Amino acid sequence: MHLTALNSKLIRRPIQRHIWLFLLPTFAAFCIGFLYPFFKGFYLSFCKFRITKDATFTGFENYKSIFHDTSFLHSFWYTALFAIVSLLFINVFAFIIAYFLTQGIKGANLFRTVFFMPNLIGGIVLGYIWSMIFDGILIRYNTAVILETKYGFWGLVILVCWQQIGYMMIIYIAGLQAIPEDMMEAAEIDGASKWQKLWKITIPNMMPSFTICTFLSLTNGFKLYDQNLALTNGRPYIQQGGTVIKTTQMLALNIVDSFYSSLTNRGPGQAKAVVFFILVAGISIAQLTFTRRREVQQ
Amino acid sequence: MKRLIAICLALVLVFSLGACAKGGADAKKGSVYFLNFKPEADEAWQAIAKTYTEQTGVQVKVVTAASGEYDKTLAAELDKDAAPTMFQVGNVGAVETYGDYCYDLKGSKFEGELTTDAYNLYDANGKLCSIGYCYECYGIIVNKALLEAAGHSLDEITNFATLKAVADDIHARAAELGFDAFTSAGLDGSSSWRFSGHLANMPLYYEFKADNVTAQPATIKGTYLDLYKNIWDLYITDSATTGAAVVTATGDEAEAEFYEGKAAFYQNGSWEFASLTEKGMKADDLAMIPIYCGAEGEEKAGLCCGTENCWAVNATASKADIEATLDFMYWMVTSEEGTKMMAEQFGPCPFKNAATPENVFFAQANEYTAAGNYVVTWAFNWTPAVDDWRAGVVDALAQYTAKGGSWDKVKEAFVDGWATLYAKDHA
């Protein structure tokens, strides 16, 4: 069949008329797996309920209660700090490694594979493995990772760095390799130093990679759950004015925790989840627009 | 080829319709859906469900929730149209949460088979929400052979002072004897419930007894926390595992230390009997003594007996399903197959026709009672938001044990934690 025949109405019409048939499976999955739970969850955040089919509407009660919940506020600031610290470490190290692995050193491919591999292990498994590693070391000093907030924090930073640096490295390598050779050559001829080439050519040309990597590591940092659960599960705790503060508990874990620990009302947990969604979406959009502006056209 | 696929699809359609029709017919007769709490009993449950279906034609579906996930699973399952018709409601917290879904079991044929009301749970309005179908006891399990090898005997131990004397002696000579006094008091999640749940019962029990507390209190005083400290200090001193190592030690480690003969004392319950004998321990070498912690008059203490194993029937299920479930429960405690399975899996059951289990620990519990000793009941069944409260106590115990921190943190988690969680649940 000639290519232009595809544009003929005789062929296009029946396809167009049945477009819904092709869209239906994905759309149905989207509705069942995302839209319905999302809107139901949104509705439930305004309800008092224990079993979701027996929910009673209570308006903004749940939202009011969560902003008085010191454990929620604590986990928010803890998460924010963690997200920023892990973002810095992951991206700096991932970029450095990517930079060296594109300098034509021997065995670069092997290194790439090895660095990427931790990313293939699930968060829960990683959490338990690392808790054993940390405890194996800390036991010599008669302590454990769940006994000190600072160990829990830095332990988690090390864990996510180990897990995510390889992934970000791959993105940076792709970005590095996409920089036009002629631009580099021209800079060399003009007498630019290595340092100048890095700052004036490599980094500006790699802004799209930075955008995607910072986006990923920031949202990953905020959404972190499995690793947090398996490594410390919020320990150590402190009792503070009628609330138990789980000092290394991050937002996602706090939400699940408050959802399941309440005997009578799971609404506040649901409300926290809605706030969490707005927060993560807001931060991601702000960050995307900010870094997008810095991207250069090649 | 196309035709073949079409035929296949058509056949699948016909069969699935047929399956629906079949399900529909059975629905009228009523069926049972049991959400099981004990993963270790899953196999036995599946087998007994099959037997029941063969005998009566009534469908029995048994689903087992993953360990530690019962509450989450139950909440999710109750949301479904085909919700469990029979589930576990084992303490006051669960009654508060699921009380509305409990069918009043008062006057049912099943209730008529009970020999005691002691393990039943009622809600605030006096509705019989759930019925205890078995009970358990715990204490300090002793390896008598090791005790004798160390030159001691069970008769020596009658209170905390004598327990400590024996344990101290064994611990001091551990290198020479080749075993220590206590197994590791691990605070890993697989082991910590032995201390945040079972051991914590001691100060709770004595406090409630002294203050005549008969219903879940909003606050506790922690009057007898010194007893808790006595026994905890003993566990973490007279053991091969001390300091921060306690924080990460697991339940399997403690069990292994005991059946491998590396320790003479092991705090655990009657449910360990099958596991210990399977691992090669002789029933004759095993004994269970009360947890002595320094309470006044504890020479007359017995084992800690109670239960968290109570069945409830879903009040929102269809009438036919409720009837079918009640019939199944009645059959479980009256038929030969049912009582046999119950005795094997759960030990003694408080029903008229219950079979006698082989477990020596229960025999001992009965001996103590027969000798006029008081039963230490399960006061911890009143714990508010039990998982959270225990997590707080475990965390404080870990700080205390590893860093030689102050006992005040434990007291805080114990007393303030109780008040906080109670207030949260009753806000």
# chains A, B, ... in the order shown; residues from 1 in each chain; ligands from 1
$ select_by_dssp --residues "stretch 207-264 of chain A" --states "helix (DSSP H, G or I)" --output "PyMOL selection string"
chain A and resi 207-223+226-231+251-261
$ write_last_selection --atoms "C-alpha atoms" --output "compact mmCIF listing (two decimals), in the first residue's frame"
# COMPACT_ATOMS: atom_id res chain seq x y z
CA MET A 207 20.53 21.91 32.49
CA PRO A 208 17.84 19.53 31.20
CA SER A 209 19.60 16.71 33.04
CA PHE A 210 19.83 18.80 36.19
CA THR A 211 16.13 19.60 35.91
CA ILE A 212 15.12 15.99 35.72
CA CYS A 213 17.60 14.80 38.36
CA THR A 214 16.76 17.45 40.92
CA PHE A 215 13.08 16.85 40.26
CA LEU A 216 13.50 13.13 40.82
CA SER A 217 15.67 13.37 43.90
CA LEU A 218 13.52 16.04 45.50
CA THR A 219 10.25 14.19 45.02
CA ASN A 220 11.92 10.90 45.96
CA GLY A 221 13.13 12.56 49.13
CA PHE A 222 9.66 13.74 50.03
CA LYS A 223 7.93 10.51 49.15
CA ASP A 226 10.08 1.95 52.47
CA GLN A 227 13.62 2.83 53.43
CA ASN A 228 12.45 4.92 56.34
CA LEU A 229 10.20 2.12 57.56
CA ALA A 230 12.84 -0.56 57.32
CA LEU A 231 15.79 1.40 58.65
CA LEU A 251 5.93 12.43 56.16
CA ALA A 252 4.80 9.37 54.26
CA LEU A 253 5.41 7.13 57.23
CA ASN A 254 3.67 9.57 59.53
CA ILE A 255 0.60 9.47 57.28
CA VAL A 256 0.39 5.71 57.19
CA ASP A 257 1.08 5.58 60.90
CA SER A 258 -1.70 7.97 61.83
CA PHE A 259 -4.07 6.28 59.40
CA TYR A 260 -3.63 2.86 60.91
CA SER A 261 -2.97 3.67 64.55
$ residues_around --residues "stretch 365-381 of chain B" --least-positions-apart "4" --cutoff "9 Å" --atoms "only C-alpha atoms" --output "number ranges by chain"
B: 90-93, 137-138, 197-198, 200-202, 204-206, 208, 216, 288-290, 299-308, 360-361, 386
$ interface_residues --of "chain A" --to "chain B" --cutoff "10 Å" --atoms "only C-alpha atoms" --output "PDB file with N, CA and C atoms, in the first residue's frame"
ATOM      1  N   ARG A  50     -13.801   4.714  59.912  1.00  0.00           N
ATOM      2  CA  ARG A  50     -12.871   3.666  60.304  1.00  0.00           C
ATOM      3  C   ARG A  50     -12.829   2.642  59.172  1.00  0.00           C
ATOM      4  N   ILE A  51     -14.022   2.282  58.694  1.00  0.00           N
ATOM      5  CA  ILE A  51     -14.153   1.429  57.526  1.00  0.00           C
ATOM      6  C   ILE A  51     -14.688   2.354  56.440  1.00  0.00           C
ATOM      7  N   THR A  52     -14.056   2.354  55.270  1.00  0.00           N
ATOM      8  CA  THR A  52     -14.374   3.424  54.323  1.00  0.00           C
ATOM      9  C   THR A  52     -15.822   3.460  53.853  1.00  0.00           C
ATOM     10  N   LYS A  53     -16.521   2.334  53.921  1.00  0.00           N
ATOM     11  CA  LYS A  53     -17.917   2.391  53.448  1.00  0.00           C
ATOM     12  C   LYS A  53     -18.853   3.014  54.482  1.00  0.00           C
ATOM     13  N   ASP A  54     -18.386   3.131  55.731  1.00  0.00           N
ATOM     14  CA  ASP A  54     -19.218   3.767  56.759  1.00  0.00           C
ATOM     15  C   ASP A  54     -18.617   5.104  57.176  1.00  0.00           C
ATOM     16  N   SER A 131      20.521  -1.449  57.850  1.00  0.00           N
ATOM     17  CA  SER A 131      20.440  -1.401  59.309  1.00  0.00           C
ATOM     18  C   SER A 131      21.405  -2.418  59.901  1.00  0.00           C
ATOM     19  N   MET A 132      21.572  -3.558  59.222  1.00  0.00           N
ATOM     20  CA  MET A 132      22.538  -4.543  59.710  1.00  0.00           C
ATOM     21  C   MET A 132      23.966  -4.012  59.592  1.00  0.00           C
ATOM     22  N   ASP A 135      24.377  -1.245  62.238  1.00  0.00           N
ATOM     23  CA  ASP A 135      24.416  -1.797  63.590  1.00  0.00           C
ATOM     24  C   ASP A 135      25.683  -2.610  63.817  1.00  0.00           C
ATOM     25  N   GLY A 136      26.136  -3.276  62.747  1.00  0.00           N
ATOM     26  CA  GLY A 136      27.370  -4.045  62.869  1.00  0.00           C
ATOM     27  C   GLY A 136      28.539  -3.155  63.269  1.00  0.00           C
ATOM     28  N   LEU A 138      28.067   0.133  64.629  1.00  0.00           N
ATOM     29  CA  LEU A 138      27.740   0.909  65.829  1.00  0.00           C
ATOM     30  C   LEU A 138      27.794   0.075  67.106  1.00  0.00           C
ATOM     31  N   ILE A 139      27.579  -1.224  66.958  1.00  0.00           N
ATOM     32  CA  ILE A 139      27.576  -2.080  68.147  1.00  0.00           C
ATOM     33  C   ILE A 139      28.931  -2.035  68.850  1.00  0.00           C
ATOM     34  N   ARG A 140      29.983  -1.761  68.085  1.00  0.00           N
ATOM     35  CA  ARG A 140      31.313  -1.634  68.688  1.00  0.00           C
ATOM     36  C   ARG A 140      31.378  -0.454  69.640  1.00  0.00           C
ATOM     37  N   TYR A 141      30.524   0.520  69.386  1.00  0.00           N
ATOM     38  CA  TYR A 141      30.492   1.683  70.254  1.00  0.00           C
ATOM     39  C   TYR A 141      29.295   1.610  71.189  1.00  0.00           C
ATOM     40  N   ASN A 142      28.767   0.404  71.358  1.00  0.00           N
ATOM     41  CA  ASN A 142      27.635   0.143  72.238  1.00  0.00           C
ATOM     42  C   ASN A 142      26.431   1.033  71.932  1.00  0.00           C
ATOM     43  N   THR A 143      26.094   1.124  70.661  1.00  0.00           N
ATOM     44  CA  THR A 143      24.894   1.869  70.293  1.00  0.00           C
ATOM     45  C   THR A 143      24.322   1.242  69.025  1.00  0.00           C
ATOM     46  N   ALA A 144      23.218   1.777  68.549  1.00  0.00           N
ATOM     47  CA  ALA A 144      22.589   1.234  67.347  1.00  0.00           C
ATOM     48  C   ALA A 144      21.918   2.369  66.591  1.00  0.00           C
ATOM     49  N   VAL A 145      21.613   2.106  65.324  1.00  0.00           N
ATOM     50  CA  VAL A 145      21.096   3.185  64.470  1.00  0.00           C
ATOM     51  C   VAL A 145      19.742   3.699  64.972  1.00  0.00           C
ATOM     52  N   ILE A 146      18.976   2.849  65.670  1.00  0.00           N
ATOM     53  CA  ILE A 146      17.667   3.298  66.149  1.00  0.00           C
ATOM     54  C   ILE A 146      17.737   4.006  67.493  1.00  0.00           C
ATOM     55  N   LEU A 147      18.928   4.193  68.007  1.00  0.00           N
ATOM     56  CA  LEU A 147      19.031   4.808  69.331  1.00  0.00           C
ATOM     57  C   LEU A 147      19.294   6.309  69.290  1.00  0.00           C
ATOM     58  N   GLU A 148      19.766   6.818  68.153  1.00  0.00           N
ATOM     59  CA  GLU A 148      20.089   8.242  68.075  1.00  0.00           C
ATOM     60  C   GLU A 148      19.470   8.826  66.815  1.00  0.00           C
ATOM     61  N   ARG A 235      12.180   5.530  65.004  1.00  0.00           N
ATOM     62  CA  ARG A 235      12.844   5.540  66.306  1.00  0.00           C
ATOM     63  C   ARG A 235      14.107   6.390  66.275  1.00  0.00           C
ATOM     64  N   PRO A 236      14.581   6.958  67.360  1.00  0.00           N
ATOM     65  CA  PRO A 236      14.008   6.939  68.709  1.00  0.00           C
ATOM     66  C   PRO A 236      12.821   7.895  68.880  1.00  0.00           C
ATOM     67  N   TYR A 237      12.038   7.640  69.909  1.00  0.00           N
ATOM     68  CA  TYR A 237      10.865   8.473  70.205  1.00  0.00           C
ATOM     69  C   TYR A 237      11.181   9.429  71.344  1.00  0.00           C
ATOM     70  N   ILE A 238      10.458  10.538  71.347  1.00  0.00           N
ATOM     71  CA  ILE A 238      10.460  11.343  72.566  1.00  0.00           C
ATOM     72  C   ILE A 238       9.025  11.695  72.921  1.00  0.00           C
ATOM     73  N   GLN A 239       8.752  11.776  74.211  1.00  0.00           N
ATOM     74  CA  GLN A 239       7.420  12.154  74.685  1.00  0.00           C
ATOM     75  C   GLN A 239       7.436  13.661  74.848  1.00  0.00           C
ATOM     76  N   GLN A 240       6.456  14.319  74.228  1.00  0.00           N
ATOM     77  CA  GLN A 240       6.471  15.773  74.307  1.00  0.00           C
ATOM     78  C   GLN A 240       5.042  16.276  74.459  1.00  0.00           C
ATOM     79  N   GLY A 241       4.742  16.777  75.613  1.00  0.00           N
ATOM     80  CA  GLY A 241       3.442  17.390  75.870  1.00  0.00           C
ATOM     81  C   GLY A 241       2.260  16.611  75.314  1.00  0.00           C
ATOM     82  N   GLY A 242       2.135  15.392  75.727  1.00  0.00           N
ATOM     83  CA  GLY A 242       0.962  14.612  75.332  1.00  0.00           C
ATOM     84  C   GLY A 242       1.019  14.026  73.935  1.00  0.00           C
ATOM     85  N   THR A 243       2.158  14.133  73.281  1.00  0.00           N
ATOM     86  CA  THR A 243       2.302  13.494  71.971  1.00  0.00           C
ATOM     87  C   THR A 243       3.610  12.721  71.938  1.00  0.00           C
ATOM     88  N   VAL A 244       3.589  11.638  71.202  1.00  0.00           N
ATOM     89  CA  VAL A 244       4.832  10.911  71.007  1.00  0.00           C
ATOM     90  C   VAL A 244       5.428  11.397  69.694  1.00  0.00           C
ATOM     91  N   ILE A 245       6.651  11.943  69.750  1.00  0.00           N
ATOM     92  CA  ILE A 245       7.314  12.365  68.526  1.00  0.00           C
ATOM     93  C   ILE A 245       8.267  11.253  68.106  1.00  0.00           C
ATOM     94  N   LYS A 246       8.047  10.750  66.917  1.00  0.00           N
ATOM     95  CA  LYS A 246       8.970   9.751  66.405  1.00  0.00           C
ATOM     96  C   LYS A 246      10.016  10.513  65.605  1.00  0.00           C
ATOM     97  N   ASP A 257       1.130   5.842  59.476  1.00  0.00           N
ATOM     98  CA  ASP A 257       1.079   5.578  60.900  1.00  0.00           C
ATOM     99  C   ASP A 257      -0.189   6.138  61.526  1.00  0.00           C
ATOM    100  N   PHE A 259      -2.898   6.915  60.010  1.00  0.00           N
ATOM    101  CA  PHE A 259      -4.068   6.279  59.403  1.00  0.00           C
ATOM    102  C   PHE A 259      -4.392   4.978  60.126  1.00  0.00           C
ATOM    103  N   TYR A 260      -3.365   4.180  60.355  1.00  0.00           N
ATOM    104  CA  TYR A 260      -3.630   2.857  60.915  1.00  0.00           C
ATOM    105  C   TYR A 260      -3.644   2.804  62.433  1.00  0.00           C
ATOM    106  N   SER A 261      -3.044   3.795  63.096  1.00  0.00           N
ATOM    107  CA  SER A 261      -2.965   3.665  64.551  1.00  0.00           C
ATOM    108  C   SER A 261      -4.228   4.162  65.238  1.00  0.00           C
ATOM    109  N   SER A 262      -5.060   4.918  64.539  1.00  0.00           N
ATOM    110  CA  SER A 262      -6.250   5.431  65.205  1.00  0.00           C
ATOM    111  C   SER A 262      -7.333   4.369  65.260  1.00  0.00           C
ATOM    112  N   LEU A 263      -7.896   4.189  66.442  1.00  0.00           N
ATOM    113  CA  LEU A 263      -8.932   3.166  66.592  1.00  0.00           C
ATOM    114  C   LEU A 263     -10.272   3.647  66.071  1.00  0.00           C
ATOM    115  N   THR A 264     -10.509   4.951  66.146  1.00  0.00           N
ATOM    116  CA  THR A 264     -11.855   5.420  65.875  1.00  0.00           C
ATOM    117  C   THR A 264     -11.985   6.259  64.616  1.00  0.00           C
ATOM    118  N   ASN A 265     -10.954   7.007  64.259  1.00  0.00           N
ATOM    119  CA  ASN A 265     -11.098   7.885  63.102  1.00  0.00           C
ATOM    120  C   ASN A 265      -9.831   7.898  62.258  1.00  0.00           C
TER     121      ASN A 265
END
$ residues_around --residues "B:Phe34" --least-positions-apart "2" --cutoff "10 Å" --atoms "only C-alpha atoms" --output "MDAnalysis selection string"
chainID B and resid 31:32 36:37 45 49 60:64 83:88 311:313 325
$ atom_distance --atom1 "atom CA of B:Glu257" --atom2 "atom CA of B:Thr183"
6.0 Å
$ atom_distance --atom1 "atom CA of B:Asp252" --atom2 "atom CA of B:Ala174"
21.3 Å
$ residues_around --residues "B:Pro39" --least-positions-apart "3" --cutoff "9 Å" --atoms "only C-alpha atoms" --output "NGL selection string"
:B and (36 or 42-43 or 64-67)
$ atom_distance --atom1 "atom CA of B:Phe351" --atom2 "atom CA of B:Glu113"
5.4 Å
$ closest_residue --among "B:Asp155, B:Asp168, B:Asp327, B:Asp188" --to "A:Asn233" --atoms "only C-alpha atoms"
B:Asp188
$ select_by_dssp --residues "stretch 110-359 of chain B" --states "strand (DSSP E)" --output "ChimeraX atom specification"
/B:121-122,128-132,136-143,180-182,263-269,286-289,301-306,310-313
$ write_last_selection --atoms "N, CA and C atoms" --output "short mmCIF file (atom, residue, chain, number, x, y, z; two decimals), in the first residue's frame"
data_model
loop_
_atom_site.label_atom_id
_atom_site.label_comp_id
_atom_site.auth_asym_id
_atom_site.auth_seq_id
_atom_site.Cartn_x
_atom_site.Cartn_y
_atom_site.Cartn_z
N LEU B 121 -15.51 -10.98 75.59
CA LEU B 121 -15.41 -9.53 75.56
C LEU B 121 -16.77 -8.90 75.28
N TYR B 122 -17.13 -7.94 76.10
CA TYR B 122 -18.40 -7.24 75.95
C TYR B 122 -18.14 -5.79 75.59
N LEU B 128 -22.38 -9.08 73.83
CA LEU B 128 -21.30 -10.06 73.81
C LEU B 128 -20.65 -10.03 72.41
N CYS B 129 -19.55 -9.30 72.32
CA CYS B 129 -18.93 -9.06 71.01
C CYS B 129 -18.12 -10.25 70.52
N SER B 130 -17.34 -10.83 71.43
CA SER B 130 -16.51 -11.94 70.97
C SER B 130 -16.29 -12.94 72.09
N ILE B 131 -16.05 -14.16 71.67
CA ILE B 131 -15.92 -15.27 72.62
C ILE B 131 -14.51 -15.85 72.53
N GLY B 132 -13.85 -15.94 73.68
CA GLY B 132 -12.51 -16.51 73.72
C GLY B 132 -12.58 -17.99 73.43
N GLU B 136 -4.15 -19.07 76.77
CA GLU B 136 -2.73 -19.34 76.72
C GLU B 136 -2.13 -18.94 78.06
N CYS B 137 -0.95 -19.43 78.34
CA CYS B 137 -0.31 -18.95 79.55
C CYS B 137 1.17 -18.74 79.27
N TYR B 138 1.75 -17.83 79.98
CA TYR B 138 3.17 -17.60 79.80
C TYR B 138 3.85 -17.40 81.14
N GLY B 139 5.15 -17.47 81.11
CA GLY B 139 5.94 -17.33 82.33
C GLY B 139 7.40 -17.48 81.94
N ILE B 140 8.21 -17.99 82.84
CA ILE B 140 9.61 -18.23 82.49
C ILE B 140 9.77 -19.73 82.24
N ILE B 141 10.12 -20.08 81.02
CA ILE B 141 10.32 -21.48 80.69
C ILE B 141 11.71 -21.89 81.18
N VAL B 142 11.77 -23.02 81.85
CA VAL B 142 13.03 -23.46 82.45
C VAL B 142 13.48 -24.76 81.81
N ASN B 143 14.76 -24.84 81.53
CA ASN B 143 15.37 -26.10 81.11
C ASN B 143 15.86 -26.80 82.37
N ASP B 180 24.38 -19.92 79.94
CA ASP B 180 24.10 -18.76 80.78
C ASP B 180 22.73 -18.90 81.42
N ALA B 181 22.35 -17.90 82.21
CA ALA B 181 21.07 -17.98 82.90
C ALA B 181 19.91 -17.71 81.94
N PHE B 182 19.83 -16.48 81.42
CA PHE B 182 18.70 -16.11 80.57
C PHE B 182 19.08 -16.06 79.09
N ALA B 263 21.14 -21.48 77.38
CA ALA B 263 20.59 -20.70 78.48
C ALA B 263 19.52 -21.53 79.18
N ALA B 264 19.37 -21.27 80.48
CA ALA B 264 18.47 -22.11 81.28
C ALA B 264 17.07 -21.53 81.37
N PHE B 265 16.96 -20.20 81.26
CA PHE B 265 15.65 -19.56 81.41
C PHE B 265 15.27 -18.82 80.12
N TYR B 266 13.98 -18.86 79.83
CA TYR B 266 13.50 -18.26 78.58
C TYR B 266 12.08 -17.79 78.80
N GLN B 267 11.88 -16.47 78.81
CA GLN B 267 10.52 -15.98 79.02
C GLN B 267 9.71 -16.11 77.74
N ASN B 268 8.69 -16.97 77.79
CA ASN B 268 7.79 -17.11 76.65
C ASN B 268 6.56 -17.88 77.10
N GLY B 269 5.74 -18.31 76.15
CA GLY B 269 4.46 -18.86 76.55
C GLY B 269 4.21 -20.28 76.11
N LEU B 286 11.21 -29.68 80.38
CA LEU B 286 10.63 -28.34 80.32
C LEU B 286 9.69 -28.07 81.49
N ALA B 287 9.79 -26.87 81.99
CA ALA B 287 8.86 -26.44 83.03
C ALA B 287 8.62 -24.96 82.85
N MET B 288 7.49 -24.50 83.36
CA MET B 288 7.25 -23.06 83.29
C MET B 288 6.95 -22.55 84.69
N ILE B 289 7.68 -21.52 85.07
CA ILE B 289 7.45 -20.94 86.40
C ILE B 289 6.89 -19.52 86.24
N ALA B 301 2.02 -16.80 93.49
CA ALA B 301 1.64 -16.43 92.12
C ALA B 301 1.59 -17.68 91.24
N GLY B 302 0.73 -17.63 90.25
CA GLY B 302 0.67 -18.69 89.26
C GLY B 302 1.18 -18.16 87.94
N LEU B 303 0.89 -18.88 86.87
CA LEU B 303 1.32 -18.42 85.55
C LEU B 303 0.37 -17.33 85.06
N CYS B 304 0.81 -16.61 84.04
CA CYS B 304 -0.02 -15.55 83.47
C CYS B 304 -0.94 -16.18 82.43
N CYS B 305 -2.22 -16.26 82.71
CA CYS B 305 -3.14 -16.93 81.79
C CYS B 305 -4.19 -15.96 81.29
N GLY B 306 -4.46 -16.07 80.03
CA GLY B 306 -5.49 -15.21 79.42
C GLY B 306 -5.56 -15.51 77.95
N CYS B 310 -10.19 -14.40 70.32
CA CYS B 310 -11.65 -14.39 70.48
C CYS B 310 -12.30 -14.27 69.11
N TRP B 311 -13.34 -15.05 68.92
CA TRP B 311 -14.05 -15.00 67.65
C TRP B 311 -15.23 -14.05 67.72
N ALA B 312 -15.42 -13.30 66.67
CA ALA B 312 -16.59 -12.46 66.54
C ALA B 312 -17.27 -12.80 65.22
N VAL B 313 -18.57 -12.56 65.15
CA VAL B 313 -19.32 -12.82 63.93
C VAL B 313 -19.78 -11.48 63.37
#
$ residues_around --residues "stretch 102-107 of chain A" --least-positions-apart "6" --cutoff "12 Å" --atoms "only C-alpha atoms" --output "PyMOL selection string"
chain A and resi 95-96+113-114+169-170+172-179
$ write_last_selection --atoms "C-alpha atoms" --output "compact mmCIF listing (two decimals), in the first residue's frame"
# COMPACT_ATOMS: atom_id res chain seq x y z
CA PHE A 95 27.52 14.40 38.57
CA ILE A 96 31.10 13.89 39.69
CA THR A 113 26.80 -1.06 35.72
CA VAL A 114 28.10 -1.50 39.24
CA MET A 169 24.57 9.12 37.13
CA ILE A 170 23.05 7.42 34.08
CA TYR A 172 24.02 12.77 33.74
CA ILE A 173 26.10 10.54 31.49
CA ALA A 174 23.46 10.80 28.79
CA GLY A 175 23.50 14.58 29.23
CA LEU A 176 27.29 14.74 29.06
CA GLN A 177 27.40 12.68 25.93
CA ALA A 178 24.82 14.90 24.24
CA ILE A 179 27.02 17.99 24.46
$ residues_around --residues "A:Pro118" --least-positions-apart "4" --cutoff "10 Å" --atoms "only C-alpha atoms" --output "ChimeraX atom specification"
/A:113-114,122-123,126,159-167
$ decode --residues "stretch 253-264 of chain A" --atoms "N, CA and C atoms" --output "mmCIF file, in the first residue's frame"
data_model
loop_
_atom_site.group_PDB
_atom_site.id
_atom_site.type_symbol
_atom_site.label_atom_id
_atom_site.label_comp_id
_atom_site.auth_asym_id
_atom_site.auth_seq_id
_atom_site.Cartn_x
_atom_site.Cartn_y
_atom_site.Cartn_z
ATOM 1 N N LEU A 253 5.558 8.092 56.139
ATOM 2 C CA LEU A 253 5.408 7.127 57.227
ATOM 3 C C LEU A 253 4.462 7.659 58.287
ATOM 4 N N ASN A 254 4.556 8.948 58.557
ATOM 5 C CA ASN A 254 3.669 9.572 59.532
ATOM 6 C C ASN A 254 2.204 9.430 59.100
ATOM 7 N N ILE A 255 1.964 9.580 57.806
ATOM 8 C CA ILE A 255 0.601 9.475 57.282
ATOM 9 C C ILE A 255 0.060 8.063 57.481
ATOM 10 N N VAL A 256 0.833 7.099 57.054
ATOM 11 C CA VAL A 256 0.394 5.708 57.188
ATOM 12 C C VAL A 256 0.196 5.367 58.659
ATOM 13 N N ASP A 257 1.130 5.842 59.476
ATOM 14 C CA ASP A 257 1.079 5.578 60.900
ATOM 15 C C ASP A 257 -0.189 6.138 61.526
ATOM 16 N N SER A 258 -0.522 7.389 61.194
ATOM 17 C CA SER A 258 -1.703 7.972 61.827
ATOM 18 C C SER A 258 -2.977 7.378 61.238
ATOM 19 N N PHE A 259 -2.898 6.915 60.010
ATOM 20 C CA PHE A 259 -4.068 6.279 59.403
ATOM 21 C C PHE A 259 -4.392 4.978 60.126
ATOM 22 N N TYR A 260 -3.365 4.180 60.355
ATOM 23 C CA TYR A 260 -3.630 2.857 60.915
ATOM 24 C C TYR A 260 -3.644 2.804 62.433
ATOM 25 N N SER A 261 -3.044 3.795 63.096
ATOM 26 C CA SER A 261 -2.965 3.665 64.551
ATOM 27 C C SER A 261 -4.228 4.162 65.238
ATOM 28 N N SER A 262 -5.060 4.918 64.539
ATOM 29 C CA SER A 262 -6.250 5.431 65.205
ATOM 30 C C SER A 262 -7.333 4.369 65.260
ATOM 31 N N LEU A 263 -7.896 4.189 66.442
ATOM 32 C CA LEU A 263 -8.932 3.166 66.592
ATOM 33 C C LEU A 263 -10.272 3.647 66.071
ATOM 34 N N THR A 264 -10.509 4.951 66.146
ATOM 35 C CA THR A 264 -11.855 5.420 65.875
ATOM 36 C C THR A 264 -11.985 6.259 64.616
#
